[in-house]
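Visitor: As input, take entry12.cif (mmCIF, C-alpha atoms):
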data_coords
loop_
_atom_site.group_PDB
_atom_site.id
_atom_site.type_symbol
_atom_site.label_atom_id
_atom_site.label_comp_id
_atom_site.auth_asym_id
_atom_site.auth_seq_id
_atom_site.Cartn_x
_atom_site.Cartn_y
_atom_site.Cartn_z
ATOM 1 C CA MET A 20 -91.856 -6.355 -141.777
ATOM 2 C CA ASN A 21 -94.349 -9.145 -142.505
ATOM 3 C CA ALA A 22 -95.790 -10.194 -145.842
ATOM 4 C CA ASN A 23 -98.823 -7.937 -145.434
ATOM 5 C CA ASP A 24 -96.588 -4.947 -144.706
ATOM 6 C CA ALA A 25 -94.601 -5.627 -147.848
ATOM 7 C CA LEU A 26 -97.751 -6.087 -149.870
ATOM 8 C CA GLY A 27 -99.181 -2.833 -148.581
ATOM 9 C CA ARG A 28 -96.012 -0.894 -149.329
ATOM 10 C CA HIS A 29 -96.972 -0.474 -152.989
ATOM 11 C CA LEU A 30 -100.727 0.021 -152.679
ATOM 12 C CA ALA A 31 -100.308 3.363 -154.386
ATOM 13 C CA GLY A 32 -98.383 1.741 -157.256
ATOM 14 C CA GLN A 33 -99.527 0.719 -160.701
ATOM 15 C CA PRO A 34 -102.301 -1.900 -161.075
ATOM 16 C CA GLN A 35 -99.836 -4.201 -162.839
ATOM 17 C CA GLU A 36 -97.487 -4.071 -159.852
ATOM 18 C CA ARG A 37 -100.309 -4.791 -157.440
ATOM 19 C CA ALA A 38 -101.405 -7.751 -159.560
ATOM 20 C CA ALA A 39 -97.862 -9.131 -159.560
ATOM 21 C CA GLU A 40 -97.678 -8.882 -155.767
ATOM 22 C CA ALA A 41 -101.066 -10.546 -155.377
ATOM 23 C CA ALA A 42 -99.847 -13.379 -157.613
ATOM 24 C CA LEU A 43 -96.807 -13.832 -155.352
ATOM 25 C CA GLN A 44 -99.066 -14.337 -152.352
ATOM 26 C CA THR A 45 -100.587 -17.391 -154.024
ATOM 27 C CA LEU A 46 -97.206 -19.166 -153.760
ATOM 28 C CA CYS A 47 -97.820 -20.003 -150.102
ATOM 29 C CA LEU A 48 -99.346 -23.470 -149.820
ATOM 30 C CA THR A 49 -99.611 -23.489 -146.010
ATOM 31 C CA PRO A 50 -100.306 -20.850 -143.330
ATOM 32 C CA HIS A 51 -96.699 -21.167 -142.147
ATOM 33 C CA GLU A 52 -95.052 -20.263 -145.435
ATOM 34 C CA PHE A 53 -94.540 -16.604 -146.225
ATOM 35 C CA VAL A 54 -93.603 -14.420 -149.180
ATOM 36 C CA MET A 55 -92.236 -10.880 -149.117
ATOM 37 C CA PRO A 56 -92.590 -8.973 -152.419
ATOM 38 C CA GLY A 57 -89.517 -6.970 -153.325
ATOM 39 C CA PHE A 58 -89.166 -3.467 -154.718
ATOM 40 C CA GLY A 59 -86.934 -1.572 -157.108
ATOM 41 C CA ALA A 60 -84.257 -3.214 -159.229
ATOM 42 C CA ALA A 61 -83.571 -5.863 -156.575
ATOM 43 C CA ALA A 62 -87.135 -7.211 -156.765
ATOM 44 C CA ARG A 63 -86.291 -9.236 -159.864
ATOM 45 C CA THR A 64 -83.859 -11.311 -157.788
ATOM 46 C CA GLY A 65 -85.688 -13.884 -155.686
ATOM 47 C CA VAL A 66 -84.439 -15.716 -152.608
ATOM 48 C CA LEU A 67 -85.986 -19.067 -151.718
ATOM 49 C CA LEU A 68 -85.382 -19.923 -148.054
ATOM 50 C CA VAL A 69 -85.436 -23.478 -146.666
ATOM 51 C CA HIS A 70 -85.632 -24.397 -142.980
ATOM 52 C CA GLY A 71 -84.024 -27.392 -141.284
ATOM 53 C CA LEU A 72 -85.106 -30.806 -140.031
ATOM 54 C CA THR A 73 -87.916 -30.528 -137.419
ATOM 55 C CA GLY A 74 -87.800 -26.774 -138.026
ATOM 56 C CA THR A 75 -90.216 -24.197 -139.390
ATOM 57 C CA PRO A 76 -90.171 -21.299 -141.886
ATOM 58 C CA ALA A 77 -90.176 -18.953 -138.874
ATOM 59 C CA GLU A 78 -86.490 -19.705 -138.267
ATOM 60 C CA MET A 79 -85.763 -17.991 -141.589
ATOM 61 C CA ARG A 80 -87.900 -14.877 -140.963
ATOM 62 C CA LEU A 81 -85.174 -12.548 -139.650
ATOM 63 C CA LEU A 82 -82.976 -13.332 -142.641
ATOM 64 C CA ALA A 83 -85.964 -12.891 -144.948
ATOM 65 C CA LYS A 84 -86.795 -9.495 -143.462
ATOM 66 C CA GLY A 85 -83.188 -8.348 -143.772
ATOM 67 C CA LEU A 86 -83.056 -9.302 -147.464
ATOM 68 C CA ASN A 87 -86.507 -7.937 -148.236
ATOM 69 C CA ARG A 88 -85.624 -4.621 -146.604
ATOM 70 C CA GLU A 89 -83.053 -4.171 -149.357
ATOM 71 C CA GLY A 90 -85.605 -4.915 -152.082
ATOM 72 C CA PHE A 91 -85.206 -8.635 -152.755
ATOM 73 C CA THR A 92 -88.265 -10.822 -153.229
ATOM 74 C CA VAL A 93 -88.271 -13.616 -150.645
ATOM 75 C CA TYR A 94 -90.254 -16.826 -150.331
ATOM 76 C CA ALA A 95 -89.885 -19.223 -147.364
ATOM 77 C CA VAL A 96 -91.125 -22.753 -148.039
ATOM 78 C CA GLN A 97 -92.442 -25.320 -145.562
ATOM 79 C CA LEU A 98 -91.039 -28.825 -145.940
ATOM 80 C CA ALA A 99 -93.357 -31.826 -146.161
ATOM 81 C CA GLY A 100 -94.227 -33.319 -142.771
ATOM 82 C CA HIS A 101 -93.132 -30.255 -140.805
ATOM 83 C CA CYS A 102 -95.049 -27.826 -138.559
ATOM 84 C CA GLY A 103 -97.145 -30.730 -137.316
ATOM 85 C CA SER A 104 -96.651 -33.791 -135.125
ATOM 86 C CA MET A 105 -93.764 -36.237 -134.864
ATOM 87 C CA GLN A 106 -95.956 -38.752 -136.677
ATOM 88 C CA ASP A 107 -96.438 -36.313 -139.565
ATOM 89 C CA LEU A 108 -92.680 -36.004 -139.912
ATOM 90 C CA VAL A 109 -91.922 -39.730 -139.627
ATOM 91 C CA GLN A 110 -94.305 -40.442 -142.491
ATOM 92 C CA THR A 111 -92.186 -38.387 -144.912
ATOM 93 C CA ARG A 112 -88.939 -39.236 -146.697
ATOM 94 C CA TRP A 113 -86.029 -37.097 -147.821
ATOM 95 C CA THR A 114 -87.404 -37.207 -151.346
ATOM 96 C CA ASP A 115 -90.607 -35.600 -150.032
ATOM 97 C CA TRP A 116 -88.590 -32.786 -148.460
ATOM 98 C CA LEU A 117 -86.675 -32.263 -151.689
ATOM 99 C CA ALA A 118 -89.922 -32.303 -153.668
ATOM 100 C CA SER A 119 -91.197 -29.464 -151.456
ATOM 101 C CA VAL A 120 -88.200 -27.320 -152.404
ATOM 102 C CA GLN A 121 -88.316 -28.285 -156.081
ATOM 103 C CA SER A 122 -92.003 -27.407 -156.268
ATOM 104 C CA ALA A 123 -91.404 -24.080 -154.528
ATOM 105 C CA LEU A 124 -88.535 -23.270 -156.907
ATOM 106 C CA LEU A 125 -90.525 -24.032 -160.041
ATOM 107 C CA ARG A 126 -93.505 -21.996 -158.793
ATOM 108 C CA PHE A 127 -91.327 -19.088 -157.648
ATOM 109 C CA ALA A 128 -88.969 -18.829 -160.634
ATOM 110 C CA PRO A 129 -91.539 -17.365 -163.105
ATOM 111 C CA HIS A 130 -92.066 -14.371 -160.797
ATOM 112 C CA VAL A 131 -88.422 -13.249 -160.853
ATOM 113 C CA ASP A 132 -85.443 -13.199 -163.204
ATOM 114 C CA ARG A 133 -83.180 -15.360 -161.047
ATOM 115 C CA VAL A 134 -83.410 -17.362 -157.821
ATOM 116 C CA VAL A 135 -80.859 -17.820 -155.058
ATOM 117 C CA VAL A 136 -81.697 -20.744 -152.748
ATOM 118 C CA GLY A 137 -80.648 -20.490 -149.119
ATOM 119 C CA GLY A 138 -81.094 -23.083 -146.401
ATOM 120 C CA LEU A 139 -80.259 -23.696 -142.761
ATOM 121 C CA SER A 140 -78.839 -27.012 -141.504
ATOM 122 C CA MET A 141 -80.680 -29.729 -143.451
ATOM 123 C CA GLY A 142 -82.127 -26.874 -145.487
ATOM 124 C CA ALA A 143 -78.597 -26.224 -146.747
ATOM 125 C CA LEU A 144 -78.429 -29.806 -148.034
ATOM 126 C CA LEU A 145 -81.764 -29.379 -149.782
ATOM 127 C CA SER A 146 -80.575 -26.096 -151.302
ATOM 128 C CA LEU A 147 -77.488 -27.817 -152.685
ATOM 129 C CA ALA A 148 -79.603 -30.724 -153.940
ATOM 130 C CA VAL A 149 -82.039 -28.508 -155.835
ATOM 131 C CA ALA A 150 -79.149 -26.492 -157.288
ATOM 132 C CA THR A 151 -77.623 -29.637 -158.792
ATOM 133 C CA SER A 152 -80.946 -31.010 -160.045
ATOM 134 C CA HIS A 153 -82.185 -27.665 -161.464
ATOM 135 C CA PRO A 154 -79.036 -25.799 -162.547
ATOM 136 C CA ARG A 155 -80.907 -23.517 -164.961
ATOM 137 C CA GLN A 156 -83.264 -22.262 -162.265
ATOM 138 C CA VAL A 157 -80.741 -21.742 -159.423
ATOM 139 C CA ALA A 158 -78.335 -18.816 -159.723
ATOM 140 C CA GLY A 159 -76.665 -19.268 -156.345
ATOM 141 C CA VAL A 160 -76.731 -21.187 -153.060
ATOM 142 C CA ALA A 161 -76.408 -19.893 -149.500
ATOM 143 C CA ALA A 162 -75.556 -22.913 -147.330
ATOM 144 C CA LEU A 163 -75.971 -21.975 -143.669
ATOM 145 C CA SER A 164 -74.808 -24.350 -140.905
ATOM 146 C CA THR A 165 -74.672 -27.195 -143.411
ATOM 147 C CA THR A 166 -75.309 -30.558 -141.760
ATOM 148 C CA PHE A 167 -73.960 -33.539 -143.662
ATOM 149 C CA ARG A 168 -73.519 -35.205 -140.276
ATOM 150 C CA TYR A 169 -74.260 -34.515 -136.628
ATOM 151 C CA ASP A 170 -70.738 -34.106 -135.283
ATOM 152 C CA GLY A 171 -70.786 -30.901 -133.250
ATOM 153 C CA TRP A 172 -69.376 -30.662 -129.748
ATOM 154 C CA SER A 173 -72.759 -31.050 -127.994
ATOM 155 C CA ILE A 174 -73.808 -34.200 -129.845
ATOM 156 C CA PRO A 175 -73.855 -37.233 -127.479
ATOM 157 C CA SER A 176 -71.351 -39.980 -128.226
ATOM 158 C CA TYR A 177 -74.090 -42.585 -128.649
ATOM 159 C CA THR A 178 -75.190 -40.897 -131.877
ATOM 160 C CA LYS A 179 -72.083 -42.421 -133.449
ATOM 161 C CA LEU A 180 -74.217 -45.567 -133.599
ATOM 162 C CA ALA A 181 -76.622 -43.848 -135.993
ATOM 163 C CA PHE A 182 -75.354 -46.138 -138.760
ATOM 164 C CA LEU A 183 -77.428 -48.881 -137.076
ATOM 165 C CA LEU A 184 -80.686 -46.993 -137.552
ATOM 166 C CA PRO A 185 -81.461 -48.447 -141.013
ATOM 167 C CA LEU A 186 -81.201 -51.931 -139.477
ATOM 168 C CA PHE A 187 -83.562 -50.916 -136.674
ATOM 169 C CA ARG A 188 -85.998 -49.604 -139.251
ATOM 170 C CA LEU A 189 -85.802 -52.834 -141.253
ATOM 171 C CA LEU A 190 -86.662 -54.705 -138.064
ATOM 172 C CA GLY A 191 -89.503 -52.307 -137.294
ATOM 173 C CA ILE A 192 -87.697 -50.863 -134.274
ATOM 174 C CA GLY A 193 -87.671 -47.215 -133.288
ATOM 175 C CA ARG A 194 -90.558 -45.718 -135.259
ATOM 176 C CA HIS A 195 -91.615 -43.735 -132.194
ATOM 177 C CA ARG A 196 -88.138 -43.117 -130.753
ATOM 178 C CA VAL A 197 -86.619 -39.659 -130.737
ATOM 179 C CA PHE A 198 -83.203 -38.093 -130.171
ATOM 180 C CA MET A 199 -84.248 -35.242 -127.880
ATOM 181 C CA GLU A 200 -82.381 -31.976 -128.344
ATOM 182 C CA ALA A 201 -80.173 -30.878 -125.466
ATOM 183 C CA PRO A 202 -78.559 -27.620 -124.314
ATOM 184 C CA PRO A 203 -77.477 -25.325 -125.812
ATOM 185 C CA TYR A 204 -80.004 -26.144 -128.567
ATOM 186 C CA GLY A 205 -77.889 -24.450 -131.229
ATOM 187 C CA ILE A 206 -78.176 -21.028 -129.580
ATOM 188 C CA LYS A 207 -75.375 -19.223 -127.750
ATOM 189 C CA ASP A 208 -77.499 -16.245 -126.639
ATOM 190 C CA GLU A 209 -78.943 -17.450 -123.320
ATOM 191 C CA ALA A 210 -81.989 -15.168 -123.238
ATOM 192 C CA LEU A 211 -82.953 -16.094 -126.775
ATOM 193 C CA ARG A 212 -82.333 -19.762 -126.005
ATOM 194 C CA ALA A 213 -84.780 -19.657 -123.096
ATOM 195 C CA ARG A 214 -87.518 -18.179 -125.288
ATOM 196 C CA VAL A 215 -86.977 -20.678 -128.094
ATOM 197 C CA VAL A 216 -86.901 -23.669 -125.730
ATOM 198 C CA ALA A 217 -90.162 -22.511 -124.178
ATOM 199 C CA GLN A 218 -91.727 -22.358 -127.636
ATOM 200 C CA MET A 219 -90.341 -25.793 -128.550
ATOM 201 C CA HIS A 220 -92.022 -27.339 -125.522
ATOM 202 C CA SER A 221 -95.269 -25.389 -125.897
ATOM 203 C CA GLY A 222 -96.809 -28.006 -128.167
ATOM 204 C CA ASP A 223 -96.954 -25.608 -131.146
ATOM 205 C CA SER A 224 -94.350 -27.037 -133.523
ATOM 206 C CA ALA A 225 -95.005 -24.258 -136.048
ATOM 207 C CA ALA A 226 -93.563 -21.695 -133.623
ATOM 208 C CA ALA A 227 -90.073 -23.113 -133.053
ATOM 209 C CA GLY A 228 -90.089 -26.651 -134.411
ATOM 210 C CA LEU A 229 -90.168 -30.016 -132.676
ATOM 211 C CA PRO A 230 -88.032 -30.622 -129.549
ATOM 212 C CA GLY A 231 -86.351 -33.737 -130.931
ATOM 213 C CA ASN A 232 -85.323 -35.654 -134.040
ATOM 214 C CA PRO A 233 -87.171 -38.922 -134.751
ATOM 215 C CA TRP A 234 -84.849 -41.854 -135.386
ATOM 216 C CA TRP A 235 -86.453 -42.596 -138.719
ATOM 217 C CA SER A 236 -86.107 -38.974 -139.834
ATOM 218 C CA ILE A 237 -82.391 -39.135 -139.024
ATOM 219 C CA ILE A 238 -82.193 -42.094 -141.405
ATOM 220 C CA GLU A 239 -83.717 -39.926 -144.123
ATOM 221 C CA LEU A 240 -81.309 -37.077 -143.412
ATOM 222 C CA ARG A 241 -78.375 -39.463 -143.750
ATOM 223 C CA ARG A 242 -79.733 -40.600 -147.116
ATOM 224 C CA LEU A 243 -80.153 -36.991 -148.228
ATOM 225 C CA SER A 244 -76.606 -36.260 -147.095
ATOM 226 C CA ALA A 245 -75.228 -39.159 -149.147
ATOM 227 C CA HIS A 246 -77.201 -37.985 -152.181
ATOM 228 C CA VAL A 247 -75.889 -34.417 -151.928
ATOM 229 C CA ARG A 248 -72.290 -35.469 -151.358
ATOM 230 C CA SER A 249 -72.396 -37.709 -154.420
ATOM 231 C CA HIS A 250 -73.675 -34.830 -156.569
ATOM 232 C CA LEU A 251 -71.532 -31.943 -155.307
ATOM 233 C CA ARG A 252 -69.345 -32.322 -158.386
ATOM 234 C CA ASP A 253 -72.403 -31.319 -160.433
ATOM 235 C CA LEU A 254 -72.813 -27.986 -158.673
ATOM 236 C CA ARG A 255 -72.213 -25.056 -161.004
ATOM 237 C CA ALA A 256 -73.864 -22.176 -159.146
ATOM 238 C CA PRO A 257 -71.700 -20.069 -156.826
ATOM 239 C CA CYS A 258 -72.087 -21.017 -153.177
ATOM 240 C CA LEU A 259 -71.722 -19.067 -149.946
ATOM 241 C CA ALA A 260 -71.190 -21.403 -146.973
ATOM 242 C CA ILE A 261 -71.531 -19.750 -143.553
ATOM 243 C CA HIS A 262 -70.780 -21.756 -140.423
ATOM 244 C CA ALA A 263 -70.076 -21.122 -136.755
ATOM 245 C CA LYS A 264 -66.590 -22.037 -135.588
ATOM 246 C CA GLU A 265 -68.155 -23.419 -132.408
ATOM 247 C CA ASP A 266 -71.190 -25.037 -134.016
ATOM 248 C CA ASP A 267 -72.615 -27.400 -131.410
ATOM 249 C CA ILE A 268 -74.593 -29.500 -133.903
ATOM 250 C CA SER A 269 -72.394 -29.820 -136.995
ATOM 251 C CA HIS A 270 -68.653 -29.275 -137.075
ATOM 252 C CA ARG A 271 -67.228 -26.555 -139.310
ATOM 253 C CA SER A 272 -65.801 -29.307 -141.524
ATOM 254 C CA ASN A 273 -69.318 -29.742 -142.922
ATOM 255 C CA ALA A 274 -68.973 -26.361 -144.648
ATOM 256 C CA GLU A 275 -65.442 -27.131 -145.765
ATOM 257 C CA ASP A 276 -66.719 -30.340 -147.374
ATOM 258 C CA ILE A 277 -68.693 -28.226 -149.840
ATOM 259 C CA ALA A 278 -65.540 -26.441 -150.982
ATOM 260 C CA THR A 279 -63.756 -29.778 -151.313
ATOM 261 C CA GLY A 280 -66.538 -31.566 -153.171
ATOM 262 C CA ALA A 281 -67.841 -28.808 -155.444
ATOM 263 C CA LEU A 282 -65.009 -28.949 -157.957
ATOM 264 C CA HIS A 283 -66.761 -26.882 -160.620
ATOM 265 C CA ALA A 284 -68.328 -24.118 -158.551
ATOM 266 C CA LYS A 285 -66.969 -21.085 -156.735
ATOM 267 C CA VAL A 286 -67.409 -21.679 -153.008
ATOM 268 C CA GLU A 287 -66.793 -19.035 -150.353
ATOM 269 C CA VAL A 288 -66.611 -20.238 -146.748
ATOM 270 C CA VAL A 289 -67.305 -17.741 -143.957
ATOM 271 C CA LEU A 290 -66.717 -18.759 -140.320
ATOM 272 C CA LEU A 291 -68.427 -16.976 -137.425
ATOM 273 C CA ASP A 292 -66.909 -16.404 -133.969
ATOM 274 C CA ASN A 293 -69.818 -15.707 -131.627
ATOM 275 C CA CYS A 294 -72.729 -18.076 -132.238
ATOM 276 C CA TYR A 295 -73.718 -21.713 -132.423
ATOM 277 C CA HIS A 296 -75.733 -23.692 -134.969
ATOM 278 C CA MET A 297 -78.810 -21.458 -135.373
ATOM 279 C CA ILE A 298 -76.927 -18.662 -137.083
ATOM 280 C CA THR A 299 -80.035 -17.048 -138.577
ATOM 281 C CA ILE A 300 -81.293 -16.066 -135.114
ATOM 282 C CA ASP A 301 -78.255 -16.210 -132.798
ATOM 283 C CA ARG A 302 -75.781 -13.466 -131.854
ATOM 284 C CA GLU A 303 -74.250 -13.023 -135.320
ATOM 285 C CA ARG A 304 -77.525 -12.894 -137.251
ATOM 286 C CA ARG A 305 -76.694 -9.374 -138.499
ATOM 287 C CA THR A 306 -73.439 -10.652 -139.974
ATOM 288 C CA VAL A 307 -75.298 -13.532 -141.617
ATOM 289 C CA ILE A 308 -77.862 -11.142 -143.106
ATOM 290 C CA ALA A 309 -75.102 -8.851 -144.390
ATOM 291 C CA LYS A 310 -73.060 -11.690 -145.927
ATOM 292 C CA VAL A 311 -76.073 -13.280 -147.607
ATOM 293 C CA HIS A 312 -77.293 -9.871 -148.816
ATOM 294 C CA ASP A 313 -73.948 -9.074 -150.440
ATOM 295 C CA PHE A 314 -73.814 -12.539 -152.035
ATOM 296 C CA VAL A 315 -77.329 -12.218 -153.458
ATOM 297 C CA ALA A 316 -76.652 -8.655 -154.615
ATOM 298 C CA ARG A 317 -73.579 -9.744 -156.564
ATOM 299 C CA ILE A 318 -75.555 -12.490 -158.275
ATOM 300 C CA GLY A 319 -78.364 -10.064 -159.083
ATOM 301 C CA GLY A 320 -75.995 -7.400 -160.354
ATOM 302 C CA ILE A 321 -77.206 -5.004 -157.655
ATOM 303 C CA PRO A 322 -74.713 -2.495 -156.201
ATOM 304 C CA VAL A 323 -73.890 -3.443 -152.621
ATOM 305 C CA SER A 324 -75.126 -0.575 -150.483
ATOM 306 C CA LYS A 325 -73.746 0.431 -147.117
ATOM 307 C CA VAL A 326 -76.597 -0.786 -144.962
ATOM 308 C CA THR A 327 -76.772 -1.823 -141.332
ATOM 309 C CA HIS A 328 -78.822 -5.000 -141.832
ATOM 310 C CA GLY A 329 -80.612 -4.436 -138.524
ATOM 311 C CA GLN A 330 -82.648 -6.851 -136.343
#
What's the structure tokens form of this structure?

Guide:
Amino acid sequence: MNANDALGRHLAGQPQERAAEAALQTLCLTPHEFVMPGFGAAARTGVLLVHGLTGTPAEMRLLAKGLNREGFTVYAVQLAGHCGSMQDLVQTRWTDWLASVQSALLRFAPHVDRVVVGGLSMGALLSLAVATSHPRQVAGVAALSTTFRYDGWSIPSYTKLAFLLPLFRLLGIGRHRVFMEAPPYGIKDEALRARVVAQMHSGDSAAAGLPGNPWWSIIELRRLSAHVRSHLRDLRAPCLAIHAKEDDISHRSNAEDIATGALHAKVEVVLLDNCYHMITIDRERRTVIAKVHDFVARIGGIPVSKVTHGQ
């Protein structure tokens, strides 16, 4: 179900409801963002979804549809510098990415009673960061495939030299250099992987993201990671951390680090058996939707229904 489907679902409703849904549509600042108005009691609980580095809001759409199907209001934000060229991305800093999420949160919060922020990969870091900087506006965090560091089994050994990147940047080296992604591209399902890789190399970065990570953007991710780790002790909102046991991009210890560092928050860690890094679209996406749904429902005080969480 897309945003227009959700908007049309209540066309026969009250004028006030239609006005509220129209107001939600104004949240989207780019053509790639999307909002899905909720319905029933669950509509007053909002879920803000955050994609990963070089990614796109589209990678959060299946999760968004699964949550919206159960009535939750969902808004997927686009991070600064994304859905464009490598040069667009390199020109942004981690503070710009965080500002995108903070702005989305502050614009979204007045439309609902509470907001749960959920992010994938770097989006999980940004979700944690906004939860610590805006504790009154964030009721919960869903950290999916959290990436404090690139240490999964498919990451080349030379990336261990990433600590040298700030020096390269200081010397003006590497502005146009990229760590190209390699198989299995975070996806265990081979048929799905083939489709996503084709989209990545199609030249349309809004469809499946960029095919590689610029060196200078990796520097910014490392700075974001350090910022989040240093503030985990400030997290107060409950957190659901979901991670693949065989994550090819970031080891499962990245999720466990949240539980270790967030001393004042309840953290639940869920490990998946049959997928890689892109858990929102890979083989266990239904499990991810179900786990996030139940987490959001508990925060919203909504009875957890026996649903199939299809897709």

Visitor: Report the residues retrieved by the PyMOL selection byres ((chain A and resi 265) around 12) from the displayed file, expressed as a list in words.

Guide: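 With the PyMOL selection byres ((chain A and resi 265) around 12) on this model, the match is Ser164, Asp170, Gly171, Trp172, Ser173, Pro203, Gly205, Ile206, Lys207, His262, Ala263, Lys264, Asp266, Asp267, Ile268, Ser269, His270, Arg271, Ser272, Leu290, Leu291, Asp292, Asn293, Cys294, Tyr295, His296, Met297 and Ile298 of chain A.
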
Visitor: Using only C-alpha atoms, which protein or nucleic acid residues come within 9 Å of segment 121-131 of chain A? Drop anything in the same chain fewer than 4 positions from it, and give the result as a list in words.

Guide: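 Once the nearby chain positions are removed, what remains is Ala39, Ala42, Leu43, Leu46, Cys47, Ala62, Arg63, Thr64, Gly65, Leu67, Thr92, Tyr94, Ala95, Val96, Trp116, Leu117, Val136, Val149, Ser152, His153, Gln156 and Val157 of chain A.
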
Visitor: Just checking: using all atoms listed in the file, which residue out of A:Gln218, A:Ala161, A:Gly142, A:Phe58 ends up closest to Lys310 of chain A?

Guide: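 Answer, going by the shortest atom-to-atom distance: A:Ala161.
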
Visitor: Can you tell me, as a list in words, which residues sit within 8 Å of (-66.5, -17.2, -150.5) in the file's frame, using only C-alpha atoms?

Guide: Cys258, Leu259, Ala260, Lys285, Val286, Glu287, Val288 and Val289 of chain A

Visitor: Print the selection's residues with C-alpha atoms to a file, as a short mmCIF file (atom, residue, chain, number, x, y, z; two decimals), in the frame of the given file.

Guide:
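Generated output (out-v4.cif):
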data_model
loop_
_atom_site.label_atom_id
_atom_site.label_comp_id
_atom_site.auth_asym_id
_atom_site.auth_seq_id
_atom_site.Cartn_x
_atom_site.Cartn_y
_atom_site.Cartn_z
CA CYS A 258 -72.09 -21.02 -153.18
CA LEU A 259 -71.72 -19.07 -149.95
CA ALA A 260 -71.19 -21.40 -146.97
CA LYS A 285 -66.97 -21.08 -156.74
CA VAL A 286 -67.41 -21.68 -153.01
CA GLU A 287 -66.79 -19.04 -150.35
CA VAL A 288 -66.61 -20.24 -146.75
CA VAL A 289 -67.31 -17.74 -143.96
#

Visitor: Ranking A:Met79, A:Val307, A:Leu144, A:Ala217 by minimum distance to Arg248 of chain A and counting all atoms listed in the file, which one comes first?

Guide: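 Selected residue with least distance to Arg248 of chain A: A:Leu144.
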
Visitor: Fewer than 3 positions away in the same chain doesn't count, so skip those; otherwise give me all residues within 8 Å of Asp115 of chain A, counting only C-alpha atoms, as a list in words.

Guide: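 Once the adjacent positions are removed, what remains is Leu98, Ala99, Thr111, Arg112, Ala118 and Ser119 of chain A.
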
Visitor: Please produce an output containing C-alpha atoms for each residue in the selection, written as a short mmCIF file (atom, residue, chain, number, x, y, z; two decimals), in the frame of the given file.

Guide:
data_model
loop_
_atom_site.label_atom_id
_atom_site.label_comp_id
_atom_site.auth_asym_id
_atom_site.auth_seq_id
_atom_site.Cartn_x
_atom_site.Cartn_y
_atom_site.Cartn_z
CA LEU A 98 -91.04 -28.82 -145.94
CA ALA A 99 -93.36 -31.83 -146.16
CA THR A 111 -92.19 -38.39 -144.91
CA ARG A 112 -88.94 -39.24 -146.70
CA ALA A 118 -89.92 -32.30 -153.67
CA SER A 119 -91.20 -29.46 -151.46
#

Visitor: Under the PyMOL selection byres ((chain A and resi 247) around 9), which residues of this model are included? Write them out as a VMD selection string.

Guide: chain A and resid 144 to 145 147 to 148 151 167 242 to 246 248 to 251

Visitor: Could you give me the centre and size, in Å to one decimal, of an axis-aligned box around all listed atoms of segment 64-78 of chain A with 4 Å added on every side, as lines of an AutoDock Vina configuration file?

Guide:
center_x = -87.0
center_y = -21.1
center_z = -147.6
size_x = 14.4
size_y = 27.5
size_z = 28.4

Visitor: Take the PyMOL selection byres ((chain A and resi 76) around 10), run it mentally on this structure, and tell me the resulting residues as a list of chain:residue names.

Guide: A:His51, A:Glu52, A:Phe53, A:Leu68, A:Val69, A:His70, A:Gly71, A:Gly74, A:Thr75, A:Ala77, A:Glu78, A:Met79, A:Arg80, A:Ala83, A:Tyr94, A:Ala95, A:Val96, A:Gln97, A:Leu98, A:His101, A:Cys102, A:Ala225, A:Ala226, A:Ala227, A:Gly228

Visitor: Which value, in Å to one decimal, gives the distance between atom CA of Arg133 of chain A and atom CA of Val66 of chain A?

Guide: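 Atom-to-atom, atom CA of Arg133 of chain A and atom CA of Val66 of chain A are spaced 8.5 Å apart.
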
Visitor: At what distance in Å, to one decimal, does atom CA of Leu82 of chain A lie from atom CA of Thr114 of chain A?

Guide: 25.8 Å

Visitor: One number please: atom CA of Arg88 of chain A to atom CA of Val323 of chain A, in Å, one decimal.

Guide: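 Atom CA of Arg88 of chain A sits 13.2 Å away from atom CA of Val323 of chain A.
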
Visitor: Pick out the closest residue to Ala61 of chain A from this set: A:Glu40, A:Asp132, A:Asp301, A:Glu209. Count all atoms listed in the file.

Guide: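 For Ala61 of chain A, the nearest of the given residues is A:Asp132.
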
Visitor: Provide segment 118-124 of chain A rebuilt to N, CA and C atoms, formatted as a PDB file, keeping the file's coordinate frame.

Guide:
ATOM      1  N   ALA A 118     -88.811 -32.645-152.774  1.00  0.00           N
ATOM      2  CA  ALA A 118     -89.922 -32.303-153.668  1.00  0.00           C
ATOM      3  C   ALA A 118     -90.573 -30.991-153.245  1.00  0.00           C
ATOM      4  N   SER A 119     -90.637 -30.732-151.938  1.00  0.00           N
ATOM      5  CA  SER A 119     -91.197 -29.464-151.456  1.00  0.00           C
ATOM      6  C   SER A 119     -90.390 -28.288-151.990  1.00  0.00           C
ATOM      7  N   VAL A 120     -89.069 -28.409-151.948  1.00  0.00           N
ATOM      8  CA  VAL A 120     -88.200 -27.320-152.404  1.00  0.00           C
ATOM      9  C   VAL A 120     -88.249 -27.196-153.918  1.00  0.00           C
ATOM     10  N   GLN A 121     -88.239 -28.323-154.622  1.00  0.00           N
ATOM     11  CA  GLN A 121     -88.316 -28.285-156.081  1.00  0.00           C
ATOM     12  C   GLN A 121     -89.617 -27.637-156.546  1.00  0.00           C
ATOM     13  N   SER A 122     -90.716 -28.000-155.920  1.00  0.00           N
ATOM     14  CA  SER A 122     -92.003 -27.407-156.268  1.00  0.00           C
ATOM     15  C   SER A 122     -92.002 -25.904-156.016  1.00  0.00           C
ATOM     16  N   ALA A 123     -91.467 -25.500-154.862  1.00  0.00           N
ATOM     17  CA  ALA A 123     -91.404 -24.080-154.528  1.00  0.00           C
ATOM     18  C   ALA A 123     -90.559 -23.316-155.544  1.00  0.00           C
ATOM     19  N   LEU A 124     -89.421 -23.908-155.934  1.00  0.00           N
ATOM     20  CA  LEU A 124     -88.535 -23.270-156.907  1.00  0.00           C
ATOM     21  C   LEU A 124     -89.237 -23.071-158.246  1.00  0.00           C
TER      22      LEU A 124
END
